[in-house]
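Engineer: My questions will all concern the structure given below.
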Amino acid sequence: MRLLVLAFALMLSACGLKPMYAGGANGAVAQGLAGIEVSPIEGKAGWLMRNALVDRFGARPAGSSARYRLDVRLDDKLEGLGLLSDDTIARERRTLRARYQLVDLATGEIVLDASAGSDAGIDVTSSEYATIAAENTALENLTKEVADRIVTRISLTLRNGAK
């Protein structure tokens, strides 16, 4: 059994996997994320997205300046689906798409230009309050999910040697 575990460990070390956040808070990726300044983003979805991104990037060390700027443009759509026999909408889909650019502040070079998005289905009920609450909850959850995708993509870029 020990021999099997040792063989598996040797094979795993040879596969080229590298920990994303090696070194913890002092690692290159964590320090790169902390060095990102997020530009203001328009609207309620923008406010939620900016807060989610700032939370995920972590605090910049005192006295240090930002190395990168993240510019994000959002497209938030809410569309009705599934008509009932009385021509009322039974389901809605909320879609949140983000187009973002990571800009090196020293050179002005665009280090990363990408997009991320997600969508959620919402049941429309007879209670208008419940439907509005569901739409708002969907937006909050979508901003967190899209922010996670953005941070993951930026982390990969930083790990792979963004200058």
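Letters for chains follow the order of the structure tokens (A, B, ...), residue numbers begin at 1 for each chain, and ligand numbers begin at 1 in the order shown.
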Can you list, as a ChimeraX atom specification, every residue of stretch 61-158 of chain A that DSSP puts in alpha helix (DSSP H)?

Structural biologist: /A:128-158

Engineer: Could you give me, as number ranges by chain, the residues within 9 Å of stretch 99-115 of chain A, counting only C-alpha atoms and dropping anything in the same chain fewer than 3 positions from it?

Structural biologist: A: 36, 66-75, 150, 153-154, 157, 162-163

Engineer: The selected residues should be written to file as a compact mmCIF listing (two decimals), in the first residue's frame (atoms: N, CA and C atoms).

Structural biologist:
# COMPACT_ATOMS: atom_id res chain seq x y z
N ILE A 36 -3.84 45.24 -7.68
CA ILE A 36 -4.80 45.62 -8.72
C ILE A 36 -5.78 46.64 -8.17
N ALA A 66 -0.72 50.77 -6.68
CA ALA A 66 -1.25 49.74 -7.57
C ALA A 66 -0.31 49.53 -8.76
N ARG A 67 -0.20 48.29 -9.18
CA ARG A 67 0.62 47.96 -10.35
C ARG A 67 -0.25 47.81 -11.59
N TYR A 68 -1.50 47.38 -11.37
CA TYR A 68 -2.42 47.15 -12.47
C TYR A 68 -3.73 47.89 -12.22
N ARG A 69 -4.47 48.13 -13.30
CA ARG A 69 -5.83 48.67 -13.20
C ARG A 69 -6.74 47.70 -13.93
N LEU A 70 -7.87 47.39 -13.31
CA LEU A 70 -8.85 46.52 -13.94
C LEU A 70 -10.04 47.35 -14.37
N ASP A 71 -10.30 47.37 -15.67
CA ASP A 71 -11.46 48.06 -16.23
C ASP A 71 -12.50 47.01 -16.60
N VAL A 72 -13.73 47.20 -16.12
CA VAL A 72 -14.79 46.22 -16.35
C VAL A 72 -16.01 46.93 -16.92
N ARG A 73 -16.59 46.35 -17.96
CA ARG A 73 -17.88 46.80 -18.50
C ARG A 73 -18.86 45.64 -18.37
N LEU A 74 -20.03 45.93 -17.82
CA LEU A 74 -21.03 44.89 -17.58
C LEU A 74 -22.21 45.02 -18.54
N ASP A 75 -22.77 43.88 -18.85
CA ASP A 75 -24.03 43.81 -19.61
C ASP A 75 -24.96 42.94 -18.78
N ILE A 150 -13.39 36.03 -13.04
CA ILE A 150 -12.43 37.06 -13.41
C ILE A 150 -11.15 36.90 -12.60
N ARG A 153 -9.09 33.90 -13.78
CA ARG A 153 -8.39 34.16 -15.05
C ARG A 153 -7.21 35.10 -14.85
N ILE A 154 -7.39 36.13 -14.03
CA ILE A 154 -6.28 37.05 -13.75
C ILE A 154 -5.17 36.33 -13.00
N THR A 157 -3.12 34.41 -15.37
CA THR A 157 -2.27 35.31 -16.14
C THR A 157 -1.06 35.75 -15.32
N ALA A 162 2.79 37.49 -16.17
CA ALA A 162 2.49 38.85 -16.61
C ALA A 162 3.58 39.75 -16.05
N LYS A 163 4.14 40.55 -16.89
CA LYS A 163 5.27 41.40 -16.47
C LYS A 163 4.79 42.58 -15.66

Engineer: Check the smallest atom-to-atom distance from each of A:Ala133, A:Leu156, A:Ile122, A:Val29 to A:Ala90 using only C-alpha atoms, then report the winner.

Structural biologist: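 Smallest distance to A:Ala90 is found for A:Ile122.
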
Engineer: Given only C-alpha atoms as the basis, pick out the residue of A:Gly80, A:Gly117, A:Gly43, A:Gly63 nearest to A:Arg149.

Structural biologist: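 Using only C-alpha atoms, A:Arg149 sits closest to A:Gly117.
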